[in-house]
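File shown here: upload-v6.txt, holding compact mmCIF, C-alpha atoms and all ligand atoms.
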```
# COMPACT_ATOMS: atom_id res chain seq x y z
CA MET M 10 -112.18 -46.77 38.88
CA ALA M 11 -111.29 -47.64 42.46
CA VAL M 12 -110.72 -45.50 45.53
CA ILE M 13 -107.22 -46.05 46.89
CA ALA M 14 -105.40 -44.80 50.01
CA PHE M 15 -101.67 -44.23 49.52
CA ILE M 16 -99.63 -43.82 52.72
CA GLY M 17 -96.00 -42.68 52.45
CA LEU M 18 -95.41 -40.16 49.66
CA GLY M 19 -91.60 -40.12 49.86
CA ASN M 20 -89.01 -40.59 47.11
CA MET M 21 -90.65 -43.79 45.90
CA GLY M 22 -94.27 -43.44 47.01
CA SER M 23 -94.82 -40.06 45.34
CA GLY M 24 -94.19 -41.42 41.83
CA MET M 25 -96.10 -44.65 42.48
CA ALA M 26 -99.16 -42.78 43.76
CA VAL M 27 -99.18 -40.50 40.71
CA ASN M 28 -99.19 -43.57 38.44
CA LEU M 29 -102.36 -44.79 40.18
CA VAL M 30 -103.91 -41.35 39.57
CA LYS M 31 -102.88 -41.52 35.90
CA ALA M 32 -104.57 -44.95 35.67
CA GLY M 33 -107.86 -43.22 36.51
CA HIS M 34 -108.20 -44.11 40.19
CA GLU M 35 -109.20 -41.74 42.97
CA VAL M 36 -106.15 -41.70 45.23
CA ARG M 37 -106.12 -40.27 48.76
CA GLY M 38 -102.56 -39.54 49.85
CA PHE M 39 -101.22 -39.21 53.37
CA ASP M 40 -97.72 -38.60 54.69
CA LEU M 41 -96.41 -37.20 57.98
CA ASN M 42 -94.59 -34.67 55.78
CA GLN M 43 -97.28 -32.19 54.78
CA ASP M 44 -95.19 -30.78 51.93
CA ALA M 45 -95.28 -34.22 50.28
CA VAL M 46 -99.09 -34.29 50.58
CA ALA M 47 -99.31 -30.79 49.07
CA VAL M 48 -97.16 -31.81 46.09
CA PHE M 49 -99.35 -34.90 45.57
CA SER M 50 -102.58 -32.90 45.61
CA GLY M 51 -101.06 -30.66 42.91
CA GLN M 52 -100.60 -33.79 40.77
CA GLY M 53 -104.22 -34.93 40.84
CA GLY M 54 -104.28 -36.73 44.20
CA LYS M 55 -106.60 -35.99 47.11
CA ALA M 56 -105.02 -34.84 50.37
CA ALA M 57 -105.89 -36.81 53.53
CA SER M 58 -105.10 -35.47 56.99
CA SER M 59 -104.63 -38.82 58.76
CA VAL M 60 -104.12 -42.52 58.03
CA LEU M 61 -107.64 -43.36 59.17
CA GLU M 62 -109.21 -40.60 57.07
CA ALA M 63 -107.27 -41.89 54.05
CA VAL M 64 -108.30 -45.55 54.44
CA SER M 65 -111.96 -45.08 55.39
CA GLY M 66 -114.20 -46.86 52.85
CA VAL M 67 -111.44 -47.42 50.24
CA ASP M 68 -111.11 -50.42 47.91
CA ALA M 69 -107.33 -50.64 48.27
CA VAL M 70 -104.50 -49.40 50.48
CA VAL M 71 -100.86 -49.03 49.41
CA THR M 72 -98.14 -48.22 51.95
CA MET M 73 -94.54 -47.17 51.11
CA LEU M 74 -92.79 -46.53 54.43
CA PRO M 75 -89.22 -46.62 55.74
CA ALA M 76 -89.10 -49.75 57.96
CA GLY M 77 -90.94 -52.55 59.77
CA LYS M 78 -91.77 -50.50 62.87
CA HIS M 79 -93.59 -47.89 60.74
CA VAL M 80 -95.53 -50.58 58.89
CA ARG M 81 -96.58 -52.47 62.05
CA GLY M 82 -97.40 -49.13 63.68
CA ILE M 83 -99.98 -48.16 61.10
CA TYR M 84 -101.50 -51.60 60.26
CA GLU M 85 -101.86 -53.23 63.69
CA GLY M 86 -103.87 -52.48 66.80
CA GLU M 87 -107.18 -50.80 67.50
CA GLU M 88 -106.14 -47.63 65.67
CA GLY M 89 -104.56 -49.55 62.80
CA ILE M 90 -105.56 -49.87 59.16
CA ILE M 91 -106.65 -53.52 59.49
CA ALA M 92 -109.28 -52.59 62.08
CA HIS M 93 -110.70 -49.75 59.97
CA VAL M 94 -110.91 -50.85 56.32
CA LYS M 95 -113.85 -52.35 54.43
CA PRO M 96 -113.84 -56.17 54.77
CA ASP M 97 -113.24 -56.61 51.02
CA ALA M 98 -110.37 -54.09 50.76
CA ILE M 99 -106.95 -55.25 49.52
CA LEU M 100 -103.94 -54.04 51.52
CA MET M 101 -100.50 -53.83 49.88
CA ASP M 102 -97.32 -52.94 51.74
CA CYS M 103 -94.60 -52.07 49.20
CA SER M 104 -91.97 -50.97 51.76
CA THR M 105 -88.78 -53.00 52.25
CA ILE M 106 -89.02 -54.43 55.78
CA ASP M 107 -87.95 -57.47 57.81
CA VAL M 108 -89.61 -60.80 57.10
CA ASP M 109 -90.93 -61.18 60.67
CA SER M 110 -92.80 -57.84 60.56
CA ALA M 111 -94.27 -58.68 57.15
CA ARG M 112 -95.44 -62.07 58.46
CA ALA M 113 -96.90 -60.49 61.61
CA VAL M 114 -98.95 -57.96 59.63
CA GLY M 115 -100.01 -60.70 57.18
CA GLU M 116 -101.20 -62.85 60.08
CA ALA M 117 -103.06 -59.96 61.75
CA ALA M 118 -104.84 -59.25 58.45
CA ALA M 119 -105.67 -62.94 57.89
CA THR M 120 -107.09 -63.20 61.42
CA ALA M 121 -109.35 -60.21 60.67
CA GLY M 122 -110.37 -61.75 57.32
CA ILE M 123 -108.70 -58.95 55.32
CA LYS M 124 -106.53 -59.53 52.23
CA PHE M 125 -102.92 -58.34 52.65
CA VAL M 126 -99.75 -58.77 50.61
CA ASP M 127 -96.15 -57.77 51.23
CA ALA M 128 -95.08 -56.42 47.85
CA PRO M 129 -91.62 -54.82 48.01
CA VAL M 130 -90.16 -53.40 44.82
CA SER M 131 -87.00 -53.51 42.79
CA GLY M 132 -86.11 -50.39 40.80
CA GLY M 133 -85.30 -46.92 42.06
CA VAL M 134 -86.99 -43.54 41.92
CA ALA M 135 -86.90 -43.43 38.10
CA ALA M 136 -88.72 -46.79 37.91
CA ALA M 137 -91.25 -45.61 40.51
CA GLU M 138 -91.98 -42.52 38.40
CA GLY M 139 -91.94 -44.41 35.12
CA GLY M 140 -94.20 -47.23 36.34
CA THR M 141 -91.55 -49.86 35.60
CA LEU M 142 -90.97 -51.36 39.06
CA THR M 143 -90.70 -55.10 39.70
CA PHE M 144 -92.97 -56.29 42.53
CA MET M 145 -92.12 -59.40 44.59
CA VAL M 146 -95.30 -60.45 46.30
CA GLY M 147 -95.94 -62.54 49.40
CA GLY M 148 -99.41 -63.61 50.50
CA PRO M 149 -102.24 -66.01 49.71
CA GLU M 150 -103.11 -66.55 46.03
CA SER M 151 -106.47 -64.75 46.47
CA ALA M 152 -104.75 -61.67 47.92
CA PHE M 153 -102.16 -61.76 45.13
CA GLU M 154 -104.90 -61.78 42.49
CA ALA M 155 -106.69 -58.89 44.20
CA ALA M 156 -103.45 -56.87 44.38
CA ARG M 157 -102.20 -57.59 40.89
CA PRO M 158 -104.34 -55.05 38.92
CA TYR M 159 -103.15 -52.20 41.17
CA LEU M 160 -99.49 -53.27 41.18
CA GLU M 161 -99.52 -53.60 37.38
CA LYS M 162 -100.30 -49.88 37.12
CA MET M 163 -97.05 -49.14 38.97
CA GLY M 164 -94.74 -51.80 37.58
CA LYS M 165 -93.59 -53.83 34.61
CA ALA M 166 -93.47 -57.17 36.47
CA VAL M 167 -95.59 -58.54 39.32
CA ILE M 168 -94.37 -61.92 40.58
CA ARG M 169 -95.75 -64.00 43.44
CA ALA M 170 -92.87 -65.23 45.62
CA GLY M 171 -94.95 -67.35 48.02
CA ASP M 172 -96.90 -66.90 51.26
CA ALA M 173 -96.79 -63.97 53.71
CA GLY M 174 -93.25 -62.60 54.07
CA ALA M 175 -91.97 -64.29 50.89
CA GLY M 176 -91.92 -61.00 48.98
CA GLN M 177 -89.62 -59.51 51.62
CA ALA M 178 -87.43 -62.64 51.61
CA ALA M 179 -86.96 -62.28 47.82
CA LYS M 180 -86.26 -58.55 48.15
CA ILE M 181 -83.67 -59.03 50.92
CA CYS M 182 -81.80 -61.70 48.92
CA ASN M 183 -81.96 -59.57 45.75
CA ASN M 184 -80.63 -56.44 47.45
CA MET M 185 -77.85 -58.31 49.21
CA LEU M 186 -76.73 -59.43 45.76
CA LEU M 187 -77.05 -55.84 44.47
CA GLY M 188 -74.84 -54.50 47.29
CA ILE M 189 -72.23 -57.17 46.59
CA HIS M 190 -72.09 -56.64 42.82
CA MET M 191 -72.04 -52.85 43.19
CA ILE M 192 -68.96 -53.12 45.42
CA GLY M 193 -67.39 -55.60 42.99
CA THR M 194 -68.09 -53.29 40.06
CA CYS M 195 -66.58 -50.32 41.93
CA GLU M 196 -63.45 -52.34 42.73
CA ALA M 197 -63.08 -53.34 39.08
CA PHE M 198 -63.41 -49.75 37.78
CA ALA M 199 -61.06 -48.37 40.46
CA LEU M 200 -58.43 -51.01 39.71
CA ALA M 201 -58.85 -50.60 35.93
CA GLN M 202 -58.23 -46.87 36.27
CA LYS M 203 -55.12 -47.44 38.41
CA LEU M 204 -53.85 -49.82 35.72
CA GLY M 205 -54.21 -47.01 33.17
CA LEU M 206 -57.43 -48.15 31.48
CA ASP M 207 -59.90 -45.54 30.30
CA PRO M 208 -63.21 -46.12 32.23
CA GLN M 209 -65.36 -45.91 29.08
CA ARG M 210 -63.08 -48.38 27.30
CA PHE M 211 -63.21 -50.77 30.27
CA PHE M 212 -67.01 -50.42 30.31
CA ASP M 213 -67.20 -51.19 26.56
CA ILE M 214 -65.21 -54.39 27.12
CA SER M 215 -66.57 -55.65 30.44
CA SER M 216 -70.23 -54.89 29.61
CA LYS M 217 -69.84 -57.35 26.73
CA ALA M 218 -67.75 -59.83 28.68
CA SER M 219 -68.38 -62.06 31.69
CA GLY M 220 -68.07 -59.21 34.23
CA GLN M 221 -71.33 -57.72 32.93
CA ASN M 222 -73.93 -57.03 35.62
CA TRP M 223 -76.75 -54.57 36.46
CA SER M 224 -74.54 -52.28 38.59
CA MET M 225 -72.34 -51.82 35.54
CA THR M 226 -74.80 -51.58 32.65
CA SER M 227 -77.80 -49.86 34.28
CA TYR M 228 -76.21 -47.93 37.15
CA CYS M 229 -72.54 -47.50 36.28
CA PRO M 230 -70.61 -46.06 39.28
CA VAL M 231 -68.27 -44.02 37.04
CA PRO M 232 -69.63 -41.00 35.13
CA GLY M 233 -70.12 -41.35 31.38
CA PRO M 234 -71.14 -44.81 30.24
CA VAL M 235 -74.72 -44.75 31.64
CA PRO M 236 -76.03 -41.15 31.39
CA ALA M 237 -79.00 -41.68 33.78
CA ALA M 238 -76.81 -43.09 36.58
CA PRO M 239 -76.25 -41.03 39.78
CA SER M 240 -72.49 -40.99 39.05
CA ASN M 241 -73.26 -38.26 36.48
CA ARG M 242 -74.78 -35.94 39.08
CA GLY M 243 -72.33 -36.12 41.98
CA TYR M 244 -73.88 -39.32 43.38
CA LYS M 245 -77.10 -37.58 44.38
CA PRO M 246 -79.58 -40.43 45.21
CA GLY M 247 -81.15 -42.43 43.54
CA PHE M 248 -80.93 -45.21 46.02
CA ALA M 249 -79.31 -43.66 49.07
CA ALA M 250 -76.42 -45.47 50.78
CA PRO M 251 -78.28 -45.66 54.15
CA MET M 252 -81.11 -47.52 52.35
CA MET M 253 -78.64 -50.07 51.01
CA LEU M 254 -77.15 -50.40 54.49
CA LYS M 255 -80.64 -50.95 55.88
CA ASP M 256 -81.21 -53.78 53.37
CA LEU M 257 -77.84 -55.40 54.12
CA ARG M 258 -78.63 -55.30 57.85
CA LEU M 259 -81.97 -56.96 57.12
CA ALA M 260 -80.01 -59.64 55.20
CA LEU M 261 -77.66 -60.16 58.18
CA GLU M 262 -80.53 -60.48 60.67
CA THR M 263 -82.47 -62.78 58.38
CA ALA M 264 -79.41 -64.94 57.65
CA GLN M 265 -78.72 -65.32 61.37
CA SER M 266 -82.25 -66.51 62.09
CA ALA M 267 -82.14 -68.85 59.06
CA ASP M 268 -78.63 -70.16 59.98
CA ALA M 269 -77.31 -69.15 56.54
CA ALA M 270 -73.68 -68.17 55.87
CA ILE M 271 -73.43 -64.89 53.91
CA PRO M 272 -69.70 -63.98 54.04
CA LEU M 273 -69.82 -61.46 51.18
CA GLY M 274 -73.14 -60.00 52.34
CA ALA M 275 -71.61 -59.50 55.81
CA HIS M 276 -68.53 -57.82 54.31
CA ALA M 277 -70.74 -55.58 52.13
CA GLU M 278 -72.57 -54.50 55.31
CA ARG M 279 -69.22 -53.52 56.93
CA LEU M 280 -68.15 -51.52 53.85
CA TYR M 281 -71.49 -49.67 53.63
CA THR M 282 -71.29 -48.94 57.38
CA LEU M 283 -67.83 -47.43 56.81
CA PHE M 284 -69.12 -45.45 53.80
CA THR M 285 -72.14 -43.98 55.59
CA GLU M 286 -69.99 -43.09 58.62
CA SER M 287 -67.32 -41.38 56.50
CA GLY M 288 -69.25 -38.89 54.38
CA GLY M 289 -71.47 -41.17 52.29
CA ASN M 290 -74.65 -40.73 54.30
CA GLU M 291 -76.28 -38.34 51.82
CA LYS M 292 -74.94 -40.07 48.72
CA ASP M 293 -76.22 -42.68 46.33
CA PHE M 294 -75.02 -46.21 47.13
CA SER M 295 -72.88 -46.23 43.96
CA GLY M 296 -70.84 -43.37 45.52
CA ILE M 297 -68.95 -46.03 47.50
CA ILE M 298 -66.58 -46.08 44.50
CA GLU M 299 -64.99 -42.87 45.86
CA MET M 300 -64.12 -44.62 49.15
CA ILE M 301 -62.79 -47.70 47.35
CA ALA M 302 -60.77 -45.66 44.82
CA ALA M 303 -59.20 -43.79 47.78
CA ASN M 304 -58.21 -47.16 49.36
CA ARG M 305 -60.34 -46.35 52.44
CA THR M 306 -61.70 -49.86 53.02
CA GLU M 307 -60.59 -50.65 56.61
P1 LIG I 1 -88.62 -41.94 51.98
O1 LIG I 1 -88.01 -41.73 53.32
O2 LIG I 1 -88.33 -40.96 50.88
O3 LIG I 1 -90.22 -42.02 52.13
C1 LIG I 1 -90.88 -42.58 53.23
C2 LIG I 1 -92.04 -41.66 53.55
O4 LIG I 1 -92.83 -42.25 54.59
C3 LIG I 1 -91.59 -40.28 54.06
O5 LIG I 1 -92.16 -39.29 53.24
C4 LIG I 1 -92.13 -40.25 55.49
O6 LIG I 1 -92.56 -38.96 55.89
C5 LIG I 1 -93.31 -41.19 55.40
N1 LIG I 1 -93.76 -41.75 56.68
C6 LIG I 1 -93.01 -42.33 57.65
N2 LIG I 1 -93.81 -42.76 58.65
C7 LIG I 1 -95.08 -42.45 58.29
C8 LIG I 1 -96.36 -42.64 58.90
N3 LIG I 1 -96.47 -43.23 60.09
N4 LIG I 1 -97.46 -42.19 58.25
C9 LIG I 1 -97.34 -41.59 57.04
N5 LIG I 1 -96.16 -41.38 56.41
C10 LIG I 1 -95.04 -41.82 57.03
O7 LIG I 1 -88.21 -43.42 51.54
P2 LIG I 1 -88.29 -44.06 50.06
O8 LIG I 1 -86.96 -43.89 49.38
O9 LIG I 1 -89.52 -43.60 49.39
O10 LIG I 1 -88.40 -45.60 50.46
C11 LIG I 1 -89.61 -46.16 50.95
C12 LIG I 1 -89.44 -47.65 51.04
O11 LIG I 1 -89.10 -48.17 49.75
C13 LIG I 1 -88.31 -48.09 51.98
O12 LIG I 1 -88.72 -49.24 52.69
C14 LIG I 1 -87.16 -48.39 51.04
O13 LIG I 1 -86.26 -49.36 51.58
C15 LIG I 1 -87.91 -48.93 49.83
N6 LIG I 1 -87.21 -48.78 48.54
C16 LIG I 1 -86.58 -47.61 48.20
C17 LIG I 1 -85.96 -47.52 46.96
C18 LIG I 1 -85.27 -46.24 46.54
O14 LIG I 1 -84.58 -46.26 45.49
N7 LIG I 1 -85.44 -45.12 47.25
C19 LIG I 1 -85.98 -48.60 46.06
C20 LIG I 1 -86.65 -49.77 46.43
C21 LIG I 1 -87.28 -49.84 47.67
```

For the structure just supplied, provide its representation as C-alpha cells.
Amino acid sequence: MAVIAFIGLGNMGSGMAVNLVKAGHEVRGFDLNQDAVAVFSGQGGKAASSVLEAVSGVDAVVTMLPAGKHVRGIYEGEEGIIAHVKPDAILMDCSTIDVDSARAVGEAAATAGIKFVDAPVSGGVAAAEGGTLTFMVGGPESAFEAARPYLEKMGKAVIRAGDAGAGQAAKICNNMLLGIHMIGTCEAFALAQKLGLDPQRFFDISSKASGQNWSMTSYCPVPGPVPAAPSNRGYKPGFAAPMMLKDLRLALETAQSADAAIPLGAHAERLYTLFTESGGNEKDFSGIIEMIAANRTE
C-alpha cells in the first residue's frame, strides 16, 4: 500500500481518486473546492487542507487540473510540489494541457532529480469512475515504469507515447479527431432525419457500415441508440463543450508552432466557439447536434 496525494477532485479526479482508495492505497485529496474534498473523505479518502500538506512524504502524486497554468502553478517554484516531495516520489499529471507546459514541468522535475510523467486520459466521467480510462504517457522510461502501477488502477490501458510532453501531444491529436468526427456524426444524423430516415434505423445501418466511429457507437448524439450517452439526458455533460473547445484550441496552438495544416480541426474550433457562445456552454459536446440540426453553423 502506498501513500498518494491526489490534487484536483473535479468531475474526473473524484472518480479516479476513489479507484486508488479501492485499490488499497492511502489517498490524501486536495481541491480548492472544499465540498469536493468533503465528498472524497466520505468515500474513504483523507482530506488535506493544502497542496503541500497533501504531498508531504507521499510515494506518489496525481494531479487532475483544468489547464497548463494550474499545473505549472502547483508543480514549479519554491512553493511547488517538485520542491517538496520525497526524492523517490513519482509525479503524474493527468490533466489535458499544452505540450510546452508539460515539457516545462517535466524539465523542472528532471533538473530536481524527481520522476514526472504527463499522463492525460481518454474516456469521460464514466470511464474515470469505472477505472477504464486510457492513459497516454510522456516521460523517461524509468518514470513510466514507476507510474504504471498507479495508472493501471485507474485505467484499462497505459501506453507510453514518448518523452516529456508526448502524452499531451497524443491527447491533443486524439481529441482533435474526436471533435471532427463528432461534428461529422451530428451532420450525418441531422441530414438523415431531414431526408426522412428514422435515427435508430440510420444508426443500425451506419454503425455496421463505413461511417461507423466512436462518436456514433459509444456516444451517439441522438437519443436512443446508445442509452448511456448524454443525448438521453438533455446533453448534460459528460464531456462539456467548453472542454472540447479548450482541446481544439490546444490543437490550433500546437499546429501553428509545429507548422502543421489542420483545416478540419480549425473549422471544428470555429463551430465549437459558435456553440459555446450560443447556449452550449453548459452542455455536453455532443449537444452541438442541436445547433447543426437548426442550420446555425455560420
Ligand atoms: P473540473 O473542472 O471538474 O475539475 C478540476 C478541479 O481542479 C476542480 O475541482 C477545481 O476546483 C480544481 N482545482 C483547480 N485549481 C486547483 C488548485 N490550484 N489546487 C487544487 N485544486 C484545483 O474538470 P474535469 O472535467 O475533472 O477535467 C480535469 C482535466 O481532465 C482537464 O484538463 C480536462 O481537459 C481533462 N479531461 C476531462 C474529461 C471529461 O470528460 N471531463 C475527459 C478527459 C480529460

Quiz item: Out of M:Ala156, M:Ile106, M:Ile90, M:Val27, which residue has the shortest atom-to-atom distance to ligand LIG 1 (chain I) when counting all atoms listed in the file?
Solution: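 Using all atoms listed in the file, the shortest distance to ligand LIG 1 (chain I) belongs to M:Ile106.
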
Practice problem: Find the residues near Glu85 of chain M: any atom within 10 Å, counting all atoms listed in the file, skip ones fewer than 3 places away on the same chain, and give them as a count of residues only. | Solution: 12

As AutoDock Vina command-line options: centre and edge lengths in Å, one decimal, of the axis-aligned box holding ligand LIG 1 (chain I) with 3 Å per side:
```
--center_x -91.0 --center_y -44.4 --center_z 52.8 --size_x 18.9 --size_y 16.9 --size_z 20.6
```

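Residue nearest Ile301 of chain M, chosen from M:Gly24, M:Gly193, M:Gly33, M:Gly148 and counting all atoms listed in the file: M:Gly193.
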
Practice problem: Go through M:Pro251, M:Pro272, M:Gly54, M:Gly205 and flag the residue nearest ligand LIG 1 (chain I), using only C-alpha atoms and all ligand atoms for the distances. | Solution: M:Pro251

Practice problem: Within 10 Å of (-75.3, -44.9, 33.1) (coordinates as in the file), grab all the protein and nucleic acid residues, counting all atoms listed in the file, and write them out as a PyMOL selection string. | Solution: chain M and resi 224-241

Name all residues at most 8 Å from Phe15 of chain M (count all atoms listed in the file; drop same-chain ones fewer than 3 positions away) and give them as a PDB file with C-alpha atoms, keeping the file's coordinate frame.
```pdb
ATOM      1  CA  LEU M  18     -95.410 -40.160  49.660  1.00  0.00           C
ATOM      2  CA  GLY M  22     -94.270 -43.440  47.010  1.00  0.00           C
ATOM      3  CA  ALA M  26     -99.160 -42.780  43.760  1.00  0.00           C
ATOM      4  CA  VAL M  36    -106.150 -41.700  45.230  1.00  0.00           C
ATOM      5  CA  ARG M  37    -106.120 -40.270  48.760  1.00  0.00           C
ATOM      6  CA  GLY M  38    -102.560 -39.540  49.850  1.00  0.00           C
ATOM      7  CA  PHE M  39    -101.220 -39.210  53.370  1.00  0.00           C
ATOM      8  CA  ALA M  63    -107.270 -41.890  54.050  1.00  0.00           C
ATOM      9  CA  VAL M  70    -104.500 -49.400  50.480  1.00  0.00           C
ATOM     10  CA  VAL M  71    -100.860 -49.030  49.410  1.00  0.00           C
ATOM     11  CA  THR M  72     -98.140 -48.220  51.950  1.00  0.00           C
ATOM     12  CA  MET M  73     -94.540 -47.170  51.110  1.00  0.00           C
TER      13      MET M  73
END
```

Exercise. For Gly133 of chain M, please output as a PyMOL selection string all residues within 12 Å (counting all atoms listed in the file; exclusion window: fewer than 3 positions along the same chain).
Key: chain M and resi 20-22+24-25+129-130+136-143+164+184+227-228+237-239+246-249+252-253+293-294

Hey, what's within 6 Å of segment 165-181 of chain M if we count only C-alpha atoms and toss same-chain stuff fewer than 4 positions away? As a PDB file with C-alpha atoms, in the coordinates of the input, please?
```
ATOM      1  CA  VAL M 108     -89.610 -60.800  57.100  1.00  0.00           C
ATOM      2  CA  ALA M 111     -94.270 -58.680  57.150  1.00  0.00           C
ATOM      3  CA  ARG M 112     -95.440 -62.070  58.460  1.00  0.00           C
ATOM      4  CA  GLY M 115    -100.010 -60.700  57.180  1.00  0.00           C
ATOM      5  CA  ASP M 127     -96.150 -57.770  51.230  1.00  0.00           C
ATOM      6  CA  ALA M 128     -95.080 -56.420  47.850  1.00  0.00           C
ATOM      7  CA  THR M 141     -91.550 -49.860  35.600  1.00  0.00           C
ATOM      8  CA  LEU M 142     -90.970 -51.360  39.060  1.00  0.00           C
ATOM      9  CA  THR M 143     -90.700 -55.100  39.700  1.00  0.00           C
ATOM     10  CA  PHE M 144     -92.970 -56.290  42.530  1.00  0.00           C
ATOM     11  CA  MET M 145     -92.120 -59.400  44.590  1.00  0.00           C
ATOM     12  CA  VAL M 146     -95.300 -60.450  46.300  1.00  0.00           C
ATOM     13  CA  GLY M 147     -95.940 -62.540  49.400  1.00  0.00           C
ATOM     14  CA  GLY M 148     -99.410 -63.610  50.500  1.00  0.00           C
ATOM     15  CA  PRO M 149    -102.240 -66.010  49.710  1.00  0.00           C
ATOM     16  CA  ALA M 260     -80.010 -59.640  55.200  1.00  0.00           C
TER      17      ALA M 260
END
```

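Proximity ranking of M:Cys103, M:Ile192, M:Ala218, M:Ala11 relative to Ala250 of chain M places M:Ile192 first, based on only C-alpha atoms.
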
Quiz item: Out of M:Ile99, M:Leu283, M:Ala135, M:Val30, which residue has the shortest atom-to-atom distance to ligand LIG 1 (chain I) when counting all atoms listed in the file?
Solution: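 The shortest atom-to-atom distance to ligand LIG 1 (chain I) comes from M:Ala135.
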
Quiz item: Of the candidates M:Asp109, M:Met191, M:Gly132, M:Leu200, which shows the shortest atom-to-atom distance to ligand LIG 1 (chain I), using only C-alpha atoms and all ligand atoms?
Solution: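 Result for the nearest residue to ligand LIG 1 (chain I): M:Gly132.
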
Quiz item: How far is it from atom CA of Phe49 of chain M to atom O5 of ligand LIG 1 (chain I), in Å with one decimal?
Solution: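 Going from atom CA of Phe49 of chain M over to atom O5 of ligand LIG 1 (chain I) covers 11.4 Å.
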
Quiz item: Please, what distance in Å, to one decimal, runs between atom CA of Ala69 of chain M and atom CA of Thr120 of chain M?
Solution: 18.2 Å

Quiz prompt | Residue neighbourhood Val12 of chain M, 6 Å, all atoms listed in the file, exclusion window fewer than 6 positions, as an NGL selection string | solution = :M and (35-36 or 67-68)

Practice problem: Take the point (-57.3, -44.0, 42.9) as written in the file and pick out every residue within 12 Å of it, counting all atoms listed in the file; give the list as number ranges by chain. | Solution: M: 195-205, 298-305

Quiz item: Please, what distance in Å, to one decimal, runs between atom CA of Phe153 of chain M and atom CA of Val126 of chain M?
Solution: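 Rounded to one decimal, the two atoms are 6.7 Å apart.
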